[in-house]
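Below is coords37.cif, which holds mmCIF, C-alpha atoms; chains and numbers go by the auth columns.
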```
data_run
#
loop_
_atom_site.group_PDB
_atom_site.id
_atom_site.type_symbol
_atom_site.label_atom_id
_atom_site.label_comp_id
_atom_site.label_asym_id
_atom_site.label_seq_id
_atom_site.Cartn_x
_atom_site.Cartn_y
_atom_site.Cartn_z
_atom_site.B_iso_or_equiv
_atom_site.auth_seq_id
_atom_site.auth_asym_id
ATOM 1 C CA MET A 1 -18.255 -1.631 -18.210 0.00 1 U
ATOM 2 C CA ALA A 2 -17.541 1.805 -16.723 0.00 2 U
ATOM 3 C CA ASP A 3 -19.924 4.755 -16.637 0.00 3 U
ATOM 4 C CA PRO A 4 -19.505 6.411 -20.068 0.00 4 U
ATOM 5 C CA LEU A 5 -18.864 9.777 -18.386 0.00 5 U
ATOM 6 C CA SER A 6 -15.990 8.511 -16.247 0.00 6 U
ATOM 7 C CA ASN A 7 -12.558 7.140 -17.038 0.00 7 U
ATOM 8 C CA PRO A 8 -12.893 3.332 -17.388 0.00 8 U
ATOM 9 C CA PHE A 9 -9.358 2.906 -16.034 0.00 9 U
ATOM 10 C CA ALA A 10 -10.117 4.689 -12.744 0.00 10 U
ATOM 11 C CA THR A 11 -9.174 2.788 -9.596 0.00 11 U
ATOM 12 C CA ARG A 12 -12.709 1.673 -8.764 0.00 12 U
ATOM 13 C CA TYR A 13 -12.937 -0.173 -12.092 0.00 13 U
ATOM 14 C CA VAL A 14 -9.525 -1.868 -12.055 0.00 14 U
ATOM 15 C CA ARG A 15 -8.861 -2.689 -8.386 0.00 15 U
ATOM 16 C CA PRO A 16 -8.679 -6.395 -7.391 0.00 16 U
ATOM 17 C CA GLY A 17 -12.214 -7.743 -7.261 0.00 17 U
ATOM 18 C CA ALA A 18 -13.585 -5.206 -9.741 0.00 18 U
ATOM 19 C CA ILE A 19 -12.056 -7.188 -12.614 0.00 19 U
ATOM 20 C CA SER A 20 -12.667 -10.932 -12.527 0.00 20 U
ATOM 21 C CA TYR A 21 -9.618 -13.159 -12.669 0.00 21 U
ATOM 22 C CA ARG A 22 -9.361 -15.029 -15.976 0.00 22 U
ATOM 23 C CA TRP A 23 -8.797 -18.619 -14.887 0.00 23 U
ATOM 24 C CA PRO A 24 -7.035 -21.004 -17.269 0.00 24 U
ATOM 25 C CA ALA A 25 -8.639 -24.298 -18.289 0.00 25 U
ATOM 26 C CA GLY A 26 -9.885 -26.102 -15.205 0.00 26 U
ATOM 27 C CA GLY A 27 -10.753 -22.855 -13.462 0.00 27 U
ATOM 28 C CA VAL A 28 -11.032 -22.280 -9.743 0.00 28 U
ATOM 29 C CA ALA A 29 -12.176 -25.866 -9.111 0.00 29 U
ATOM 30 C CA GLU A 30 -8.848 -27.254 -10.365 0.00 30 U
ATOM 31 C CA PHE A 31 -6.967 -24.692 -8.289 0.00 31 U
ATOM 32 C CA LEU A 32 -8.859 -25.761 -5.154 0.00 32 U
ATOM 33 C CA ASP A 33 -8.148 -29.417 -5.913 0.00 33 U
ATOM 34 C CA ARG A 34 -4.407 -28.709 -6.136 0.00 34 U
ATOM 35 C CA LEU A 35 -4.445 -26.647 -2.938 0.00 35 U
ATOM 36 C CA LYS A 36 -6.383 -29.339 -1.067 0.00 36 U
ATOM 37 C CA ALA A 37 -3.915 -31.996 -2.292 0.00 37 U
ATOM 38 C CA CYS A 38 -1.145 -29.889 -0.697 0.00 38 U
ATOM 39 C CA ASN A 39 -3.048 -29.866 2.619 0.00 39 U
ATOM 40 C CA TRP A 40 -4.177 -26.262 1.934 0.00 40 U
ATOM 41 C CA ARG A 41 -0.596 -24.988 1.881 0.00 41 U
ATOM 42 C CA GLY A 42 0.930 -23.372 -1.179 0.00 42 U
ATOM 43 C CA GLU A 43 2.239 -20.374 -3.057 0.00 43 U
ATOM 44 C CA ILE A 44 1.045 -18.265 -5.978 0.00 44 U
ATOM 45 C CA VAL A 45 4.119 -16.938 -7.780 0.00 45 U
ATOM 46 C CA GLY A 46 4.217 -14.092 -10.272 0.00 46 U
ATOM 47 C CA PRO A 47 5.710 -10.669 -11.007 0.00 47 U
ATOM 48 C CA HIS A 48 4.171 -7.312 -10.121 0.00 48 U
ATOM 49 C CA GLY A 49 0.874 -6.624 -11.869 0.00 49 U
ATOM 50 C CA SER A 50 0.335 -10.191 -13.061 0.00 50 U
ATOM 51 C CA GLY A 51 -3.004 -10.747 -11.309 0.00 51 U
ATOM 52 C CA LYS A 52 -2.082 -12.326 -7.957 0.00 52 U
ATOM 53 C CA SER A 53 -4.311 -10.034 -5.885 0.00 53 U
ATOM 54 C CA THR A 54 -7.106 -10.300 -8.450 0.00 54 U
ATOM 55 C CA LEU A 55 -6.856 -14.085 -8.254 0.00 55 U
ATOM 56 C CA LEU A 56 -7.215 -13.905 -4.461 0.00 56 U
ATOM 57 C CA ALA A 57 -10.281 -11.654 -4.687 0.00 57 U
ATOM 58 C CA THR A 58 -11.958 -14.359 -6.773 0.00 58 U
ATOM 59 C CA LEU A 59 -10.569 -17.226 -4.703 0.00 59 U
ATOM 60 C CA VAL A 60 -11.689 -16.133 -1.216 0.00 60 U
ATOM 61 C CA PRO A 61 -15.434 -16.671 -1.797 0.00 61 U
ATOM 62 C CA ALA A 62 -14.650 -19.992 -3.522 0.00 62 U
ATOM 63 C CA LEU A 63 -12.720 -21.159 -0.450 0.00 63 U
ATOM 64 C CA GLU A 64 -15.557 -20.097 1.820 0.00 64 U
ATOM 65 C CA ALA A 65 -18.034 -21.943 -0.404 0.00 65 U
ATOM 66 C CA VAL A 66 -16.191 -25.237 0.235 0.00 66 U
ATOM 67 C CA GLY A 67 -16.230 -24.720 3.993 0.00 67 U
ATOM 68 C CA ARG A 68 -12.856 -23.063 4.584 0.00 68 U
ATOM 69 C CA ARG A 69 -12.547 -20.103 6.928 0.00 69 U
ATOM 70 C CA VAL A 70 -10.315 -17.451 5.339 0.00 70 U
ATOM 71 C CA MET A 71 -7.966 -15.156 7.243 0.00 71 U
ATOM 72 C CA LEU A 72 -6.512 -12.666 4.738 0.00 72 U
ATOM 73 C CA PHE A 73 -3.504 -10.396 5.309 0.00 73 U
ATOM 74 C CA THR A 74 -2.630 -7.879 2.579 0.00 74 U
ATOM 75 C CA LEU A 75 0.851 -6.446 3.042 0.00 75 U
ATOM 76 C CA GLY A 76 1.993 -3.110 1.672 0.00 76 U
ATOM 77 C CA GLU A 77 5.454 -2.185 0.480 0.00 77 U
ATOM 78 C CA GLY A 78 7.986 -2.447 3.281 0.00 78 U
ATOM 79 C CA ALA A 79 5.787 -4.427 5.695 0.00 79 U
ATOM 80 C CA ARG A 80 8.152 -6.619 7.672 0.00 80 U
ATOM 81 C CA ARG A 81 5.572 -8.370 9.825 0.00 81 U
ATOM 82 C CA LEU A 82 1.871 -9.160 9.906 0.00 82 U
ATOM 83 C CA PRO A 83 -0.498 -6.377 11.066 0.00 83 U
ATOM 84 C CA HIS A 84 -0.811 -6.262 14.873 0.00 84 U
ATOM 85 C CA GLY A 85 1.949 -8.841 15.111 0.00 85 U
ATOM 86 C CA GLY A 86 -0.315 -11.533 13.709 0.00 86 U
ATOM 87 C CA GLU A 87 -2.503 -11.600 16.835 0.00 87 U
ATOM 88 C CA GLN A 88 -5.447 -12.717 14.677 0.00 88 U
ATOM 89 C CA LEU A 89 -3.692 -16.055 14.194 0.00 89 U
ATOM 90 C CA ALA A 90 -4.795 -16.993 17.701 0.00 90 U
ATOM 91 C CA ALA A 91 -8.263 -17.619 16.235 0.00 91 U
ATOM 92 C CA ALA A 92 -6.942 -19.838 13.430 0.00 92 U
ATOM 93 C CA GLY A 93 -7.356 -23.599 13.530 0.00 93 U
ATOM 94 C CA PRO A 94 -8.235 -26.636 11.436 0.00 94 U
ATOM 95 C CA GLY A 95 -10.473 -25.501 8.591 0.00 95 U
ATOM 96 C CA THR A 96 -8.797 -22.085 8.398 0.00 96 U
ATOM 97 C CA VAL A 97 -6.721 -20.977 5.423 0.00 97 U
ATOM 98 C CA VAL A 98 -4.388 -18.099 6.256 0.00 98 U
ATOM 99 C CA ILE A 99 -3.675 -16.056 3.122 0.00 99 U
ATOM 100 C CA VAL A 100 -0.800 -13.582 2.925 0.00 100 U
ATOM 101 C CA ASP A 101 -0.760 -11.321 -0.125 0.00 101 U
ATOM 102 C CA GLY A 102 2.786 -9.977 -0.470 0.00 102 U
ATOM 103 C CA TYR A 103 4.546 -12.680 1.546 0.00 103 U
ATOM 104 C CA GLU A 104 8.008 -11.645 0.357 0.00 104 U
ATOM 105 C CA GLN A 105 7.597 -8.367 2.307 0.00 105 U
ATOM 106 C CA LEU A 106 7.900 -10.249 5.610 0.00 106 U
ATOM 107 C CA SER A 107 11.270 -10.672 7.292 0.00 107 U
ATOM 108 C CA GLY A 108 12.748 -14.161 7.344 0.00 108 U
ATOM 109 C CA TRP A 109 11.924 -14.398 11.052 0.00 109 U
ATOM 110 C CA ALA A 110 8.297 -13.328 10.481 0.00 110 U
ATOM 111 C CA ARG A 111 7.904 -15.912 7.698 0.00 111 U
ATOM 112 C CA TRP A 112 9.285 -18.657 9.948 0.00 112 U
ATOM 113 C CA MET A 113 6.973 -17.621 12.788 0.00 113 U
ATOM 114 C CA LEU A 114 3.976 -17.623 10.454 0.00 114 U
ATOM 115 C CA ARG A 115 4.730 -21.058 9.032 0.00 115 U
ATOM 116 C CA THR A 116 5.296 -22.435 12.522 0.00 116 U
ATOM 117 C CA ALA A 117 2.058 -20.928 13.863 0.00 117 U
ATOM 118 C CA CYS A 118 0.049 -22.377 10.960 0.00 118 U
ATOM 119 C CA ARG A 119 1.610 -25.792 11.419 0.00 119 U
ATOM 120 C CA ARG A 120 0.914 -25.821 15.143 0.00 120 U
ATOM 121 C CA ARG A 121 -2.661 -24.682 14.633 0.00 121 U
ATOM 122 C CA GLN A 122 -3.160 -27.181 11.816 0.00 122 U
ATOM 123 C CA CYS A 123 -4.412 -24.513 9.424 0.00 123 U
ATOM 124 C CA GLY A 124 -3.643 -23.913 5.777 0.00 124 U
ATOM 125 C CA LEU A 125 -1.267 -21.249 4.473 0.00 125 U
ATOM 126 C CA LEU A 126 -1.503 -19.711 1.005 0.00 126 U
ATOM 127 C CA VAL A 127 0.839 -16.907 -0.020 0.00 127 U
ATOM 128 C CA THR A 128 1.467 -14.691 -3.027 0.00 128 U
ATOM 129 C CA THR A 129 5.079 -13.959 -3.789 0.00 129 U
ATOM 130 C CA HIS A 130 7.354 -12.762 -6.588 0.00 130 U
ATOM 131 C CA ARG A 131 9.745 -15.661 -6.117 0.00 131 U
ATOM 132 C CA THR A 132 9.482 -19.144 -4.680 0.00 132 U
ATOM 133 C CA SER A 133 8.987 -19.311 -0.920 0.00 133 U
ATOM 134 C CA GLY A 134 9.524 -23.021 -0.372 0.00 134 U
ATOM 135 C CA LEU A 135 5.815 -23.802 -0.152 0.00 135 U
ATOM 136 C CA PRO A 136 4.236 -26.041 -2.813 0.00 136 U
ATOM 137 C CA ARG A 137 3.594 -24.016 -5.969 0.00 137 U
ATOM 138 C CA VAL A 138 -0.133 -24.061 -6.724 0.00 138 U
ATOM 139 C CA THR A 139 -0.006 -21.749 -9.720 0.00 139 U
ATOM 140 C CA GLU A 140 2.085 -19.115 -11.461 0.00 140 U
ATOM 141 C CA THR A 141 0.545 -15.885 -12.747 0.00 141 U
ATOM 142 C CA ARG A 142 1.586 -14.077 -15.888 0.00 142 U
ATOM 143 C CA VAL A 143 -0.154 -11.573 -18.138 0.00 143 U
ATOM 144 C CA ASP A 144 -1.458 -13.010 -21.389 0.00 144 U
ATOM 145 C CA PRO A 145 -1.521 -10.149 -23.944 0.00 145 U
ATOM 146 C CA ALA A 146 -4.787 -11.475 -25.419 0.00 146 U
ATOM 147 C CA VAL A 147 -6.391 -11.426 -21.973 0.00 147 U
ATOM 148 C CA ALA A 148 -5.109 -7.872 -21.417 0.00 148 U
ATOM 149 C CA VAL A 149 -6.784 -6.767 -24.652 0.00 149 U
ATOM 150 C CA ASP A 150 -10.007 -8.510 -23.613 0.00 150 U
ATOM 151 C CA ILE A 151 -9.976 -6.756 -20.222 0.00 151 U
ATOM 152 C CA VAL A 152 -9.512 -3.353 -21.859 0.00 152 U
ATOM 153 C CA ARG A 153 -12.356 -4.043 -24.305 0.00 153 U
ATOM 154 C CA GLU A 154 -14.591 -4.917 -21.356 0.00 154 U
ATOM 155 C CA LEU A 155 -13.615 -1.779 -19.441 0.00 155 U
ATOM 156 C CA VAL A 156 -13.978 0.613 -22.359 0.00 156 U
ATOM 157 C CA GLY A 157 -17.123 -0.841 -23.921 0.00 157 U
ATOM 158 C CA GLU A 158 -18.667 1.324 -26.633 0.00 158 U
ATOM 159 C CA HIS A 159 -17.699 4.654 -25.140 0.00 159 U
ATOM 160 C CA GLY A 160 -13.919 4.639 -25.147 0.00 160 U
ATOM 161 C CA SER A 161 -11.197 6.127 -27.271 0.00 161 U
ATOM 162 C CA VAL A 162 -8.550 3.502 -26.507 0.00 162 U
ATOM 163 C CA GLU A 163 -8.080 0.946 -29.257 0.00 163 U
ATOM 164 C CA PRO A 164 -7.076 -2.709 -28.719 0.00 164 U
ATOM 165 C CA GLY A 165 -3.912 -2.070 -30.690 0.00 165 U
ATOM 166 C CA GLU A 166 -2.785 0.435 -28.056 0.00 166 U
ATOM 167 C CA VAL A 167 -2.898 -2.109 -25.232 0.00 167 U
ATOM 168 C CA LEU A 168 0.163 -4.147 -26.200 0.00 168 U
ATOM 169 C CA PRO A 169 2.553 -1.140 -26.427 0.00 169 U
ATOM 170 C CA ALA A 170 1.393 -0.047 -22.963 0.00 170 U
ATOM 171 C CA LEU A 171 1.942 -3.576 -21.659 0.00 171 U
ATOM 172 C CA GLU A 172 5.412 -3.748 -23.217 0.00 172 U
ATOM 173 C CA ALA A 173 6.350 -0.339 -21.794 0.00 173 U
ATOM 174 C CA SER A 174 5.252 -1.622 -18.372 0.00 174 U
ATOM 175 C CA ARG A 175 7.339 -4.807 -18.751 0.00 175 U
ATOM 176 C CA GLY A 176 4.277 -7.015 -18.540 0.00 176 U
ATOM 177 C CA ASN A 177 2.797 -5.267 -15.497 0.00 177 U
ATOM 178 C CA LEU A 178 -0.903 -5.020 -16.334 0.00 178 U
ATOM 179 C CA ARG A 179 -1.623 -2.684 -13.426 0.00 179 U
ATOM 180 C CA GLU A 180 0.946 -0.179 -14.701 0.00 180 U
ATOM 181 C CA ALA A 181 -0.318 -0.578 -18.273 0.00 181 U
ATOM 182 C CA LEU A 182 -3.843 0.317 -17.133 0.00 182 U
ATOM 183 C CA PHE A 183 -2.448 3.414 -15.395 0.00 183 U
ATOM 184 C CA GLN A 184 -0.878 4.443 -18.712 0.00 184 U
ATOM 185 C CA LEU A 185 -4.182 3.903 -20.495 0.00 185 U
ATOM 186 C CA TYR A 186 -5.902 6.014 -17.836 0.00 186 U
ATOM 187 C CA ASP A 187 -3.681 8.952 -18.829 0.00 187 U
ATOM 188 C CA LEU A 188 -4.213 8.267 -22.540 0.00 188 U
ATOM 189 C CA TYR A 189 -7.986 8.192 -22.062 0.00 189 U
ATOM 190 C CA GLU A 190 -7.890 11.453 -20.091 0.00 190 U
ATOM 191 C CA ALA A 191 -5.828 13.170 -22.775 0.00 191 U
ATOM 192 C CA ARG A 192 -8.437 12.299 -25.408 0.00 192 U
ATOM 193 C CA ARG A 193 -11.533 13.262 -23.446 0.00 193 U
ATOM 194 C CA PRO A 194 -13.258 16.563 -24.291 0.00 194 U
ATOM 195 C CA THR A 195 -12.122 19.284 -21.900 0.00 195 U
ATOM 196 C CA ALA A 196 -15.699 19.855 -20.733 0.00 196 U
ATOM 197 C CA ASN A 197 -15.988 16.271 -19.491 0.00 197 U
ATOM 198 C CA ALA A 198 -12.467 15.698 -18.274 0.00 198 U
ATOM 199 C CA SER A 199 -11.970 15.527 -14.528 0.00 199 U
ATOM 200 C CA ARG A 200 -9.436 13.557 -12.557 0.00 200 U
ATOM 201 C CA ASP A 201 -11.324 10.402 -11.592 0.00 201 U
ATOM 202 C CA ASP A 202 -9.300 8.446 -9.050 0.00 202 U
ATOM 203 C CA GLY A 203 -12.149 7.193 -6.877 0.00 203 U
#
```

If you took the structure in this file and wrote it as structure tokens, what would it be?
Amino acid sequence: MADPLSNPFATRYVRPGAISYRWPAGGVAEFLDRLKACNWRGEIVGPHGSGKSTLLATLVPALEAVGRRVMLFTLGEGARRLPHGGEQLAAAGPGTVVIVDGYEQLSGWARWMLRTACRRRQCGLLVTTHRTSGLPRVTETRVDPAVAVDIVRELVGEHGSVEPGEVLPALEASRGNLREALFQLYDLYEARRPTANASRDDG
């Protein structure tokens, strides 16, 4: 729950890792079993704002707990290759799982080079993408409206002025993008705060 004097939808409360991923039945253990069965290679498919990065924030420590070394690359909009040309891959080997968040940003050549490097180094490769990449599909993310309401309740706690019934319209206006819906609720919360307490809270 956020500090009652700050906006509960501020970035520090809603960034990946700040909100726990809501695993379906079977949880992270079932996910790891599926990934292991695919020789630690697979894809997580889902639209913008559906929880892919949040899933990874929860998954990384779980992978490390079962003895995997994780090498994580998070790609921003327009990134056509891995940071530093993927030089870090030189340290990858058996027991490593290379994770690329935003795989579809890479050029076709960069994707081929990455897959080839992982195969040669006998390491796993897990990617998040908006559409299928050709890797085995481990899971597909989508925003469950009931889960969205539960997340907002948790963020707001007893001190908020955003009602559960206002979550679904924000989610619909954002076309199912929970991240964008939370941004809308940030603005709604700010508009309802007393002027004396209101301050832009992006940190």

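Checking U:Arg179, U:Arg120, U:Arg34, U:Arg12 one by one against Val138 (chain U), counting only C-alpha atoms, you find the shortest gap at U:Arg34.
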
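Across the structure, CA of Ala146 (chain U) and CA of Pro169 (chain U) are spaced 12.7 Å apart.
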
- Task: Have a look at U:Gly86, U:Gly165, U:Pro16, U:Gly108 and name the one nearest to Gly51 (chain U); count all atoms listed in the file.
- Result: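 Closest to Gly51 (chain U), using all atoms listed in the file: U:Pro16.
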
- Item | Straight-line distance linking CA of Ala92 (chain U) with CA of Thr129 (chain U), stated in Å to one decimal |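 For CA of Ala92 (chain U) relative to CA of Thr129 (chain U), the distance reads 21.8 Å.
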
Write out as AutoDock Vina command-line options an axis-aligned box for region 136-151 of chain U: all of its atoms listed in the file, 8 Å added on each side, centre and edge lengths in Å with one decimal.
```
--center_x -2.9 --center_y -16.4 --center_z -14.1 --size_x 30.2 --size_y 35.3 --size_z 38.6
```

- For CA of Gly42 (chain U) and CA of Ala25 (chain U), the interatomic separation in Å (one decimal):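 Separation of CA of Gly42 (chain U) and CA of Ala25 (chain U): 19.6 Å.
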
- Any idea what's packed within 10 Å of Trp23 (chain U), counting all atoms listed in the file, ignoring anything in its chain fewer than 6 positions away? Could you give it as number ranges by chain? U: 29-31, 55, 58, 141

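Remark: for Val156 (chain U), the closest of the candidate residues U:Tyr21, U:Gln88, U:Tyr103, U:Tyr189 is U:Tyr189 (distances computed over all atoms listed in the file).
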
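Of the listed residues U:Cys123, U:Val98, U:Ala148, U:Leu89, the one whose atoms come nearest to Val70 (chain U) is U:Val98, with distances taken using all atoms listed in the file.
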
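Take the candidates U:Val97, U:Leu135, U:Val28, U:Val60 and check each one against Ile44 (chain U) using only C-alpha atoms; the shortest distance goes to U:Leu135.
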
- Item | Long-range neighbours of Leu106 (chain U) as JSON, numbers by chain, 8 Å cut-off, all atoms listed in the file, 2 positions minimum in chain | {"U": [79, 80, 81, 82, 102, 103, 104, 108, 109, 110, 111]}

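Distances to Ser107 (chain U) were evaluated for U:Arg68, U:Gly78, U:Ala10, U:Ala90 using all atoms listed in the file, and the minimum falls at U:Gly78.
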
- Identify all residues satisfying the PyMOL selection byres ((chain U and resi 45-47) around 9) in the given file; provide them as a list in words.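 That expression, the PyMOL selection byres ((chain U and resi 45-47) around 9), corresponds here to Glu43, Ile44, His48, Gly49, Ser50, Gly51, Lys52, Val127, Thr128, Thr129, His130, Arg131, Thr132, Ser133, Arg137, Val138, Thr139, Glu140, Thr141, Arg142, Gly176 and Asn177 of chain U.
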
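The set of residues that the PyMOL selection byres ((chain U and resi 17) around 8) takes from this file is U:Arg15, U:Pro16, U:Ala18, U:Ile19, U:Ser20, U:Thr54, U:Ala57, U:Thr58.
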
On this structure, which residues satisfy the PyMOL selection byres ((chain U and resi 145) around 9), written as an mmCIF file with C-alpha atoms, keeping the file's coordinate frame?
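Generated output (part28.cif):
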```
data_model
loop_
_atom_site.group_PDB
_atom_site.id
_atom_site.type_symbol
_atom_site.label_atom_id
_atom_site.label_comp_id
_atom_site.auth_asym_id
_atom_site.auth_seq_id
_atom_site.Cartn_x
_atom_site.Cartn_y
_atom_site.Cartn_z
ATOM 1 C CA VAL U 143 -0.154 -11.573 -18.138
ATOM 2 C CA ASP U 144 -1.458 -13.010 -21.389
ATOM 3 C CA ALA U 146 -4.787 -11.475 -25.419
ATOM 4 C CA VAL U 147 -6.391 -11.426 -21.973
ATOM 5 C CA ALA U 148 -5.109 -7.872 -21.417
ATOM 6 C CA VAL U 149 -6.784 -6.767 -24.652
ATOM 7 C CA ASP U 150 -10.007 -8.510 -23.613
ATOM 8 C CA VAL U 167 -2.898 -2.109 -25.232
ATOM 9 C CA LEU U 168 0.163 -4.147 -26.200
ATOM 10 C CA LEU U 171 1.942 -3.576 -21.659
ATOM 11 C CA GLY U 176 4.277 -7.015 -18.540
#
```
